[in-house]
file query_36.txt (compact mmCIF, C-alpha atoms)
# COMPACT_ATOMS: atom_id res chain seq x y z
CA MET A 1 -5.79 19.06 -7.97
CA MET A 2 -3.38 17.23 -5.77
CA SER A 3 -0.04 18.72 -5.09
CA GLN A 4 2.72 16.93 -3.32
CA GLN A 5 6.10 18.01 -2.13
CA ILE A 6 8.88 16.31 -3.98
CA ASP A 7 11.85 18.13 -2.51
CA LYS A 8 11.53 16.80 1.01
CA GLY A 9 12.47 13.41 2.30
CA LEU A 10 13.70 12.01 -0.97
CA THR A 11 15.10 8.55 -0.52
CA ILE A 12 17.76 7.06 -2.75
CA MET A 13 15.07 5.08 -4.56
CA ASP A 14 12.99 8.21 -5.08
CA PHE A 15 16.05 9.94 -6.41
CA PHE A 16 16.77 7.24 -8.98
CA SER A 17 13.16 6.93 -10.09
CA ARG A 18 13.14 10.73 -10.44
CA ILE A 19 16.22 10.62 -12.64
CA ARG A 20 14.70 7.79 -14.67
CA ARG A 21 11.51 9.78 -15.22
CA MET A 22 13.46 12.89 -16.14
CA ILE A 23 15.38 10.90 -18.75
CA SER A 24 12.18 9.44 -20.16
CA GLY A 25 10.71 12.93 -20.44
CA GLN A 26 8.11 12.75 -17.70
CA GLU A 27 7.86 15.97 -15.80
CA ARG A 28 5.68 15.09 -12.87
CA VAL A 29 7.44 13.20 -10.14
CA VAL A 30 4.67 13.11 -7.61
CA GLY A 31 3.12 10.23 -5.74
CA ALA A 32 -0.07 10.42 -7.77
CA ILE A 33 -0.96 10.18 -11.44
CA ASP A 34 -4.01 12.19 -12.47
CA ILE A 35 -6.32 10.64 -15.04
CA LEU A 36 -8.33 13.13 -17.08
CA ALA A 37 -11.91 12.66 -18.25
CA PRO A 38 -11.87 10.97 -21.68
CA VAL A 39 -15.37 12.28 -22.34
CA SER A 40 -17.58 15.03 -20.92
CA GLY A 41 -20.51 14.08 -18.72
CA LYS A 42 -21.52 13.08 -15.21
CA ILE A 43 -19.42 10.66 -13.16
CA VAL A 44 -21.33 7.59 -11.99
CA ASP A 45 -20.17 4.88 -9.58
CA LEU A 46 -18.79 1.82 -11.33
CA GLU A 47 -21.18 -0.28 -9.23
CA GLN A 48 -24.10 1.21 -11.19
CA VAL A 49 -22.87 -0.09 -14.56
CA PRO A 50 -25.24 -2.89 -15.65
CA ASP A 51 -22.48 -5.36 -16.52
CA ALA A 52 -20.96 -7.45 -13.75
CA VAL A 53 -17.44 -7.42 -15.17
CA PHE A 54 -17.40 -3.64 -14.66
CA ALA A 55 -19.67 -3.33 -11.60
CA ASP A 56 -17.70 -6.02 -9.74
CA LYS A 57 -14.40 -4.43 -10.85
CA ILE A 58 -13.26 -7.57 -12.66
CA VAL A 59 -11.96 -5.46 -15.56
CA GLY A 60 -10.51 -2.93 -13.13
CA ASP A 61 -11.23 -0.12 -10.68
CA GLY A 62 -12.31 3.36 -11.68
CA ILE A 63 -15.49 5.25 -12.51
CA ALA A 64 -18.06 5.49 -15.30
CA ILE A 65 -19.25 8.57 -17.16
CA GLN A 66 -22.69 9.26 -18.67
CA PRO A 67 -21.23 10.57 -21.95
CA GLU A 68 -22.00 13.78 -23.80
CA GLY A 69 -20.44 15.45 -26.81
CA ARG A 70 -18.75 13.88 -29.78
CA TYR A 71 -15.25 12.61 -28.90
CA LEU A 72 -13.56 10.11 -26.64
CA VAL A 73 -10.08 11.49 -25.97
CA ALA A 74 -6.96 10.00 -24.40
CA PRO A 75 -7.24 10.32 -20.59
CA ILE A 76 -3.44 10.26 -20.31
CA SER A 77 -0.48 10.37 -22.67
CA GLY A 78 0.73 6.93 -23.71
CA LYS A 79 0.53 4.11 -26.19
CA ILE A 80 -2.74 2.65 -27.47
CA GLY A 81 -2.72 -1.00 -26.39
CA LYS A 82 -5.81 -1.96 -28.32
CA MET A 83 -8.20 -0.08 -30.55
CA PHE A 84 -11.10 -2.50 -30.87
CA ASP A 85 -12.13 -3.34 -34.43
CA THR A 86 -15.64 -2.16 -33.62
CA HIS A 87 -14.29 1.16 -32.27
CA HIS A 88 -16.39 1.07 -29.12
CA ALA A 89 -13.45 0.75 -26.73
CA PHE A 90 -9.72 1.20 -26.40
CA SER A 91 -6.93 0.57 -23.94
CA ILE A 92 -3.93 2.78 -23.30
CA GLU A 93 -0.72 2.34 -21.30
CA SER A 94 1.06 5.37 -19.87
CA PRO A 95 4.87 5.54 -19.60
CA GLN A 96 4.45 5.14 -15.81
CA GLY A 97 2.81 1.77 -16.43
CA VAL A 98 -0.85 2.67 -15.87
CA GLU A 99 -3.06 0.38 -17.98
CA LEU A 100 -6.43 2.03 -18.66
CA PHE A 101 -9.56 0.74 -20.35
CA VAL A 102 -12.17 3.08 -21.79
CA HIS A 103 -15.30 1.22 -22.88
CA PHE A 104 -18.10 3.25 -24.48
CA GLY A 105 -21.44 1.85 -23.33
CA ILE A 106 -22.53 -1.68 -22.51
CA GLY A 107 -23.27 -4.16 -25.28
CA THR A 108 -22.06 -1.64 -27.88
CA ILE A 109 -19.89 -4.34 -29.49
CA GLU A 110 -23.13 -5.54 -31.11
CA LEU A 111 -23.32 -2.34 -33.15
CA ARG A 112 -20.32 -3.67 -35.11
CA GLY A 113 -18.79 -0.23 -35.43
CA ASN A 114 -21.95 1.70 -36.30
CA GLY A 115 -21.99 5.03 -34.48
CA PHE A 116 -18.23 4.99 -33.91
CA THR A 117 -15.23 6.17 -35.92
CA GLY A 118 -11.77 5.13 -34.78
CA LEU A 119 -9.24 7.96 -35.11
CA VAL A 120 -6.07 6.08 -34.10
CA ASN A 121 -4.73 2.52 -34.34
CA SER A 122 -3.42 -0.05 -31.88
CA GLY A 123 0.21 0.75 -31.08
CA ASP A 124 -0.09 4.49 -31.80
CA THR A 125 1.50 6.92 -29.35
CA VAL A 126 -0.98 9.61 -28.31
CA GLU A 127 -1.05 12.74 -26.17
CA ALA A 128 -3.54 13.30 -23.34
CA GLY A 129 -6.61 14.95 -24.82
CA GLN A 130 -6.04 13.64 -28.33
CA PRO A 131 -9.30 12.43 -29.92
CA ILE A 132 -9.31 8.61 -30.08
CA ILE A 133 -12.89 7.76 -31.09
CA GLU A 134 -15.60 9.95 -32.62
CA PHE A 135 -19.14 8.93 -31.67
CA ASP A 136 -22.58 9.79 -32.97
CA LEU A 137 -24.49 10.35 -29.73
CA ASP A 138 -27.88 10.86 -31.40
CA TYR A 139 -27.57 7.53 -33.22
CA LEU A 140 -26.28 5.74 -30.12
CA LYS A 141 -29.12 7.05 -27.94
CA GLN A 142 -31.59 5.39 -30.33
CA GLN A 143 -30.05 1.94 -29.85
CA GLN A 144 -31.68 0.98 -26.53
CA LEU A 145 -28.28 0.40 -24.98
CA CYS A 146 -26.75 1.69 -21.76
CA LEU A 147 -24.19 4.31 -22.76
CA LEU A 148 -22.42 4.51 -19.38
CA THR A 149 -18.72 4.55 -20.21
CA PRO A 150 -16.43 2.82 -17.70
CA VAL A 151 -12.89 4.18 -17.38
CA VAL A 152 -10.87 1.73 -15.32
CA VAL A 153 -7.32 0.86 -14.31
CA ALA A 154 -6.69 -2.73 -15.40
CA ASN A 155 -3.56 -3.20 -13.27
CA MET A 156 -4.45 -1.79 -9.84
CA GLU A 157 -2.29 -4.54 -8.33
CA ASP A 158 0.72 -2.44 -9.40
CA PHE A 159 -0.42 0.60 -7.42
CA LYS A 160 -1.23 1.55 -3.87
CA GLY A 161 -4.63 3.09 -4.28
CA ILE A 162 -7.05 5.23 -6.23
CA ASN A 163 -8.81 8.51 -5.32
CA LYS A 164 -11.99 9.02 -7.28
CA TYR A 165 -13.70 12.30 -8.04
CA SER A 166 -17.42 12.88 -8.63
CA GLY A 167 -19.75 15.32 -10.34
CA ARG A 168 -19.78 16.68 -13.86
CA VAL A 169 -16.54 16.63 -15.81
CA LYS A 170 -15.28 18.07 -19.06
CA ALA A 171 -13.17 15.96 -21.40
CA ASN A 172 -9.43 16.67 -21.11
CA LYS A 173 -10.06 19.32 -18.42
CA ASP A 174 -11.16 17.61 -15.24
CA VAL A 175 -9.52 14.83 -13.26
CA ILE A 176 -11.71 11.73 -12.79
CA PHE A 177 -9.33 9.86 -10.47
CA SER A 178 -5.77 9.90 -9.17
CA ILE A 179 -3.66 6.79 -8.89
CA ASN A 180 -1.39 6.56 -5.87
CA THR A 181 1.93 5.30 -7.18
CA GLN A 182 3.76 4.90 -3.90
CA ALA A 183 5.08 1.41 -3.31
CA LYS A 184 2.81 -0.86 -1.32
CA MET B 1 10.58 -30.58 -11.36
CA THR B 2 8.36 -28.14 -13.16
CA ASN B 3 4.87 -29.19 -14.04
CA SER B 4 4.02 -27.95 -17.53
CA HIS B 5 0.98 -28.32 -19.80
CA GLN B 6 -0.40 -26.78 -22.94
CA GLN B 7 -3.39 -27.15 -25.21
CA GLN B 8 -4.69 -25.56 -28.37
CA VAL B 9 -8.25 -24.33 -28.63
CA THR B 10 -10.32 -22.36 -31.16
CA ILE B 11 -12.64 -19.54 -30.18
CA HIS B 12 -16.11 -20.01 -31.68
CA SER B 13 -18.11 -17.27 -29.96
CA GLU B 14 -19.59 -14.57 -32.18
CA TYR B 15 -17.58 -11.60 -30.86
CA GLY B 16 -14.41 -13.46 -29.98
CA LEU B 17 -12.74 -12.83 -26.64
CA HIS B 18 -14.15 -9.30 -26.19
CA THR B 19 -14.04 -7.39 -22.92
CA ARG B 20 -16.64 -9.30 -20.90
CA PRO B 21 -15.46 -12.85 -21.60
CA ALA B 22 -11.82 -11.72 -21.55
CA ALA B 23 -12.28 -10.25 -18.07
CA GLN B 24 -13.90 -13.50 -16.88
CA PHE B 25 -11.09 -15.50 -18.50
CA VAL B 26 -8.45 -13.45 -16.66
CA LYS B 27 -10.36 -13.79 -13.39
CA LEU B 28 -10.37 -17.57 -13.84
CA ALA B 29 -6.67 -17.62 -14.75
CA LYS B 30 -5.82 -15.69 -11.59
CA GLN B 31 -7.31 -18.47 -9.48
CA PHE B 32 -4.33 -20.68 -10.35
CA THR B 33 -0.81 -20.32 -9.03
CA ALA B 34 0.75 -21.56 -12.28
CA ASP B 35 2.27 -19.09 -14.75
CA ILE B 36 -0.16 -19.09 -17.67
CA ASN B 37 0.48 -17.79 -21.18
CA ILE B 38 -1.71 -17.40 -24.23
CA SER B 39 -0.18 -17.60 -27.70
CA ALA B 40 -1.80 -16.59 -30.97
CA GLU B 41 -0.11 -15.84 -34.26
CA GLN B 42 3.44 -15.86 -32.87
CA GLN B 43 2.52 -13.53 -30.01
CA THR B 44 2.58 -14.70 -26.40
CA VAL B 45 1.10 -12.82 -23.45
CA ASN B 46 0.41 -13.36 -19.76
CA ALA B 47 -3.10 -14.83 -19.37
CA LYS B 48 -3.51 -13.01 -16.05
CA SER B 49 -3.26 -9.56 -17.69
CA LEU B 50 -6.46 -8.37 -19.34
CA PHE B 51 -4.59 -5.51 -20.95
CA LYS B 52 -2.03 -7.80 -22.58
CA LEU B 53 -4.66 -10.36 -23.55
CA GLN B 54 -6.67 -7.71 -25.40
CA THR B 55 -3.66 -6.82 -27.53
CA LEU B 56 -3.95 -10.25 -29.19
CA GLY B 57 -7.25 -9.15 -30.76
CA LEU B 58 -8.83 -12.58 -30.37
CA ALA B 59 -11.79 -12.84 -32.74
CA LYS B 60 -14.14 -15.61 -33.80
CA GLU B 61 -12.15 -18.57 -35.21
CA SER B 62 -8.90 -17.39 -33.60
CA GLN B 63 -6.77 -20.35 -32.63
CA ILE B 64 -4.93 -19.97 -29.34
CA THR B 65 -2.52 -22.06 -27.31
CA ILE B 66 -2.93 -22.00 -23.55
CA SER B 67 0.22 -23.05 -21.72
CA ALA B 68 0.88 -23.23 -17.99
CA GLN B 69 3.80 -23.97 -15.73
CA GLY B 70 3.40 -24.74 -12.04
CA ASP B 71 1.80 -27.09 -9.56
CA ASP B 72 -1.75 -26.63 -10.87
CA ALA B 73 -0.78 -26.30 -14.56
CA LEU B 74 -2.93 -29.18 -15.79
CA LYS B 75 -6.02 -27.98 -13.91
CA ALA B 76 -5.44 -24.42 -15.15
CA VAL B 77 -5.19 -25.41 -18.80
CA GLU B 78 -8.21 -27.71 -18.56
CA SER B 79 -10.34 -25.05 -16.88
CA LEU B 80 -9.39 -22.31 -19.34
CA VAL B 81 -9.91 -24.53 -22.41
CA ASN B 82 -13.28 -25.49 -20.99
CA PHE B 83 -14.13 -21.81 -20.49
CA ILE B 84 -13.28 -20.99 -24.13
CA ASN B 85 -15.32 -23.94 -25.40
CA GLN B 86 -18.38 -22.84 -23.43
CA LEU B 87 -18.35 -19.18 -24.57
CA GLU B 88 -21.64 -18.20 -26.14
CA ASP B 89 -21.32 -14.56 -27.17

call {"tool": "encode", "arguments": {"input": "query_36.txt", "output": "structure tokens"}}
result
Amino acid sequence: MMSQQIDKGLTIMDFFSRIRRMISGQERVVGAIDILAPVSGKIVDLEQVPDAVFADKIVGDGIAIQPEGRYLVAPISGKIGKMFDTHHAFSIESPQGVELFVHFGIGTIELRGNGFTGLVNSGDTVEAGQPIIEFDLDYLKQQQLCLLTPVVVANMEDFKGINKYSGRVKANKDVIFSINTQAK
Amino acid sequence: MTNSHQQQVTIHSEYGLHTRPAAQFVKLAKQFTADINISAEQQTVNAKSLFKLQTLGLAKESQITISAQGDDALKAVESLVNFINQLED
């Protein structure tokens, strides 16, 4: 986990953004926002996802996970931007303005919702770790589709950088990447 | 003087403007300097934000209005309308 000093070298701007975050109920006032694994499994480079809009980072920058288990959970607290009608993907925006996309598998839109159960709706406010989509992994594995699940930041232009982690992760326990929020 | 254009277009592709085409649409929109907005059912969002665009939930037969303001507004609207018309899946 990253830890950063917040009591040294505070500028006026830092001070005001700290007050603003305190008022809006956000406790962490560090230069990085940790994004938790929305699903358990092994982290894979985005470049290995067999869909150019993810591999070439057109949707955004991040990582992919070879999914295990039964639930996709919120990787951060925030508001659901879009729960897709076919329940294979969702987007979420955190109060700090991080726009994340979680997309289960490639080509899974063609399943028209089979194998997925949506547990929340577009516009819902959710807590990190809250189940968002339930999936039937046995069924999905039979569909001849790539199940690599990209988790990407759609608005990296608003942030300074991203630090990615690797290895096996557990949903809602391990950090998959940290977003550097310091001004460019 | 501000250069402004808009055009209406209907999405005919089977899965609407889902993630892959939406990402390509946003990438194309970002190639223009004009401010570009997409309107559908009384909602208007920035065409250069994939996140905002997805909130419109654009499905097959959705009718959208693409509007642009800026030096390359006409070219932007023409290119994006063309992109929507050529979508296949």

call {"tool": "atom_distance", "arguments": {"input": "query_36.txt", "atom1": "CA of Ala89 (chain A)", "atom2": "CA of Ile66 (chain B)"}}
result
25.3 Å

call {"tool": "atom_distance", "arguments": {"input": "query_36.txt", "atom1": "CA of Leu50 (chain B)", "atom2": "CA of Tyr165 (chain A)"}}
result
24.6 Å

call {"tool": "residues_near_point", "arguments": {"input": "query_36.txt", "point": "(0.4, -18.5, -21.4)", "cutoff": "8 Å", "atoms": "all atoms listed in the file", "output": "PyMOL selection string"}}
result
chain B and resi 35-39+44-47+65-68

call {"tool": "interface_residues", "arguments": {"input": "query_36.txt", "of": "chain A", "to": "chain B", "cutoff": "7 Å", "atoms": "only C-alpha atoms", "output": "NGL selection string"}}
result
:A and (53 or 58-59 or 81-82 or 99 or 154)

call {"tool": "closest_residue", "arguments": {"input": "query_36.txt", "among": "B:Gln31, B:Ser4, B:Gly70, B:Gln63", "to": "Ile84 (chain B)", "atoms": "all atoms listed in the file"}}
result
B:Gln63

call {"tool": "atom_distance", "arguments": {"input": "query_36.txt", "atom1": "CA of Glu61 (chain B)", "atom2": "CA of Ile109 (chain A)"}}
result
17.2 Å

call {"tool": "residues_around", "arguments": {"input": "query_36.txt", "residues": "Leu119 (chain A)", "least_positions_apart": "2", "cutoff": "10 Å", "atoms": "all atoms listed in the file", "output": "ChimeraX atom specification"}}
result
/A:71-73,83,87,116-117,121,130-134

call {"tool": "closest_residue", "arguments": {"input": "query_36.txt", "among": "B:Thr2, B:Gln8, B:Thr33, B:Ser13", "to": "Lys75 (chain B)", "atoms": "all atoms listed in the file"}}
result
B:Thr33

call {"tool": "axis_aligned_box", "arguments": {"input": "query_36.txt", "around": "region 72-82 of chain B", "padding_each_side": "8 Å", "output": "JSON"}}
result
{"center_x": -7.0, "center_y": -25.7, "center_z": -16.6, "size_x": 28.5, "size_y": 22.9, "size_z": 27.5}

call {"tool": "residues_around", "arguments": {"input": "query_36.txt", "residues": "region 103-105 of chain A", "least_positions_apart": "6", "cutoff": "12 Å", "atoms": "only C-alpha atoms", "output": "ChimeraX atom specification"}}
result
/A:38-39,49-51,53-54,59-60,62-68,70-73,82-84,86-92,111,113,115-116,132-137,140-141,143-153 /B:18-20

call {"tool": "closest_residue", "arguments": {"input": "query_36.txt", "among": "B:Lys30, B:Asp72, B:Lys60, B:His5", "to": "Asn85 (chain B)", "atoms": "only C-alpha atoms"}}
result
B:Lys60

call {"tool": "residues_around", "arguments": {"input": "query_36.txt", "residues": "Leu28 (chain B)", "least_positions_apart": "3", "cutoff": "9 Å", "atoms": "all atoms listed in the file", "output": "VMD selection string"}}
result
chain B and resid 23 to 25 31 to 32 48 76 79 to 80 83

call {"tool": "closest_residue", "arguments": {"input": "query_36.txt", "among": "A:Glu157, A:Asp174, A:Glu93, A:Glu47", "to": "Val126 (chain A)", "atoms": "all atoms listed in the file"}}
result
A:Glu93

call {"tool": "decode", "arguments": {"input": "query_36.txt", "residues": "region 3-88 of chain B", "atoms": "C-alpha atoms", "output": "PDB file, in the first residue's frame"}}
result
ATOM      1  CA  ASN B   3     -18.701  28.017 -36.659  1.00  0.00           C
ATOM      2  CA  SER B   4     -21.552  25.724 -35.655  1.00  0.00           C
ATOM      3  CA  HIS B   5     -23.124  22.623 -37.205  1.00  0.00           C
ATOM      4  CA  GLN B   6     -25.464  19.849 -36.220  1.00  0.00           C
ATOM      5  CA  GLN B   7     -27.052  16.789 -37.755  1.00  0.00           C
ATOM      6  CA  GLN B   8     -29.416  14.058 -36.680  1.00  0.00           C
ATOM      7  CA  VAL B   9     -28.613  10.408 -37.267  1.00  0.00           C
ATOM      8  CA  THR B  10     -30.133   7.053 -36.287  1.00  0.00           C
ATOM      9  CA  ILE B  11     -28.063   4.148 -35.005  1.00  0.00           C
ATOM     10  CA  HIS B  12     -28.832   0.953 -36.923  1.00  0.00           C
ATOM     11  CA  SER B  13     -26.159  -1.424 -35.627  1.00  0.00           C
ATOM     12  CA  GLU B  14     -27.344  -4.504 -33.761  1.00  0.00           C
ATOM     13  CA  TYR B  15     -25.889  -3.675 -30.330  1.00  0.00           C
ATOM     14  CA  GLY B  16     -26.158   0.086 -30.538  1.00  0.00           C
ATOM     15  CA  LEU B  17     -23.209   2.229 -29.506  1.00  0.00           C
ATOM     16  CA  HIS B  18     -21.694  -0.355 -27.122  1.00  0.00           C
ATOM     17  CA  THR B  19     -18.194  -0.111 -25.701  1.00  0.00           C
ATOM     18  CA  ARG B  20     -16.115  -0.910 -28.785  1.00  0.00           C
ATOM     19  CA  PRO B  21     -17.829   1.422 -31.274  1.00  0.00           C
ATOM     20  CA  ALA B  22     -18.328   4.050 -28.568  1.00  0.00           C
ATOM     21  CA  ALA B  23     -14.599   4.058 -27.818  1.00  0.00           C
ATOM     22  CA  GLN B  24     -13.826   4.427 -31.535  1.00  0.00           C
ATOM     23  CA  PHE B  25     -16.420   7.201 -31.810  1.00  0.00           C
ATOM     24  CA  VAL B  26     -14.805   9.117 -28.940  1.00  0.00           C
ATOM     25  CA  LYS B  27     -11.347   8.608 -30.437  1.00  0.00           C
ATOM     26  CA  LEU B  28     -12.604  10.086 -33.714  1.00  0.00           C
ATOM     27  CA  ALA B  29     -14.299  12.994 -31.919  1.00  0.00           C
ATOM     28  CA  LYS B  30     -11.055  13.830 -30.117  1.00  0.00           C
ATOM     29  CA  GLN B  31      -9.333  14.381 -33.461  1.00  0.00           C
ATOM     30  CA  PHE B  32     -11.297  17.614 -33.896  1.00  0.00           C
ATOM     31  CA  THR B  33     -10.745  20.853 -32.038  1.00  0.00           C
ATOM     32  CA  ALA B  34     -14.448  21.743 -32.087  1.00  0.00           C
ATOM     33  CA  ASP B  35     -16.583  21.253 -28.982  1.00  0.00           C
ATOM     34  CA  ILE B  36     -18.826  18.315 -29.856  1.00  0.00           C
ATOM     35  CA  ASN B  37     -22.020  17.265 -28.095  1.00  0.00           C
ATOM     36  CA  ILE B  38     -24.355  14.320 -28.510  1.00  0.00           C
ATOM     37  CA  SER B  39     -28.028  14.676 -27.640  1.00  0.00           C
ATOM     38  CA  ALA B  40     -30.557  11.894 -27.215  1.00  0.00           C
ATOM     39  CA  GLU B  41     -33.895  12.040 -25.461  1.00  0.00           C
ATOM     40  CA  GLN B  42     -33.361  15.489 -23.919  1.00  0.00           C
ATOM     41  CA  GLN B  43     -29.928  14.553 -22.580  1.00  0.00           C
ATOM     42  CA  THR B  44     -26.769  16.172 -23.909  1.00  0.00           C
ATOM     43  CA  VAL B  45     -23.226  14.976 -23.242  1.00  0.00           C
ATOM     44  CA  ASN B  46     -19.686  15.718 -24.381  1.00  0.00           C
ATOM     45  CA  ALA B  47     -18.865  13.466 -27.365  1.00  0.00           C
ATOM     46  CA  LYS B  48     -15.216  13.322 -26.268  1.00  0.00           C
ATOM     47  CA  SER B  49     -16.076  11.567 -22.973  1.00  0.00           C
ATOM     48  CA  LEU B  50     -16.680   7.836 -23.300  1.00  0.00           C
ATOM     49  CA  PHE B  51     -17.993   7.728 -19.754  1.00  0.00           C
ATOM     50  CA  LYS B  52     -20.611  10.412 -20.404  1.00  0.00           C
ATOM     51  CA  LEU B  53     -21.506   8.976 -23.798  1.00  0.00           C
ATOM     52  CA  GLN B  54     -22.249   5.574 -22.260  1.00  0.00           C
ATOM     53  CA  THR B  55     -24.743   7.131 -19.854  1.00  0.00           C
ATOM     54  CA  LEU B  56     -27.003   7.868 -22.847  1.00  0.00           C
ATOM     55  CA  GLY B  57     -27.533   4.115 -23.302  1.00  0.00           C
ATOM     56  CA  LEU B  58     -27.564   4.349 -27.086  1.00  0.00           C
ATOM     57  CA  ALA B  59     -29.224   1.242 -28.501  1.00  0.00           C
ATOM     58  CA  LYS B  60     -30.315   0.105 -31.938  1.00  0.00           C
ATOM     59  CA  GLU B  61     -32.743   2.659 -33.466  1.00  0.00           C
ATOM     60  CA  SER B  62     -31.674   5.404 -31.037  1.00  0.00           C
ATOM     61  CA  GLN B  63     -31.866   8.776 -32.718  1.00  0.00           C
ATOM     62  CA  ILE B  64     -29.064  11.156 -31.808  1.00  0.00           C
ATOM     63  CA  THR B  65     -28.117  14.717 -32.690  1.00  0.00           C
ATOM     64  CA  ILE B  66     -24.444  15.451 -33.174  1.00  0.00           C
ATOM     65  CA  SER B  67     -23.626  19.138 -32.773  1.00  0.00           C
ATOM     66  CA  ALA B  68     -20.271  20.880 -32.963  1.00  0.00           C
ATOM     67  CA  GLN B  69     -18.922  24.369 -32.441  1.00  0.00           C
ATOM     68  CA  GLY B  70     -15.498  25.446 -33.640  1.00  0.00           C
ATOM     69  CA  ASP B  71     -13.307  25.828 -36.692  1.00  0.00           C
ATOM     70  CA  ASP B  72     -13.668  22.216 -37.838  1.00  0.00           C
ATOM     71  CA  ALA B  73     -17.317  21.803 -36.751  1.00  0.00           C
ATOM     72  CA  LEU B  74     -18.643  20.845 -40.183  1.00  0.00           C
ATOM     73  CA  LYS B  75     -15.907  18.250 -40.769  1.00  0.00           C
ATOM     74  CA  ALA B  76     -16.432  16.847 -37.259  1.00  0.00           C
ATOM     75  CA  VAL B  77     -20.183  16.405 -37.670  1.00  0.00           C
ATOM     76  CA  GLU B  78     -19.790  14.884 -41.137  1.00  0.00           C
ATOM     77  CA  SER B  79     -17.140  12.431 -39.971  1.00  0.00           C
ATOM     78  CA  LEU B  80     -19.090  11.323 -36.895  1.00  0.00           C
ATOM     79  CA  VAL B  81     -22.379  10.925 -38.801  1.00  0.00           C
ATOM     80  CA  ASN B  82     -20.489   8.885 -41.371  1.00  0.00           C
ATOM     81  CA  PHE B  83     -19.027   6.731 -38.597  1.00  0.00           C
ATOM     82  CA  ILE B  84     -22.489   6.026 -37.134  1.00  0.00           C
ATOM     83  CA  ASN B  85     -23.896   5.174 -40.569  1.00  0.00           C
ATOM     84  CA  GLN B  86     -21.111   2.677 -41.235  1.00  0.00           C
ATOM     85  CA  LEU B  87     -21.397   0.794 -37.915  1.00  0.00           C
ATOM     86  CA  GLU B  88     -21.955  -2.898 -38.467  1.00  0.00           C
TER      87      GLU B  88
END
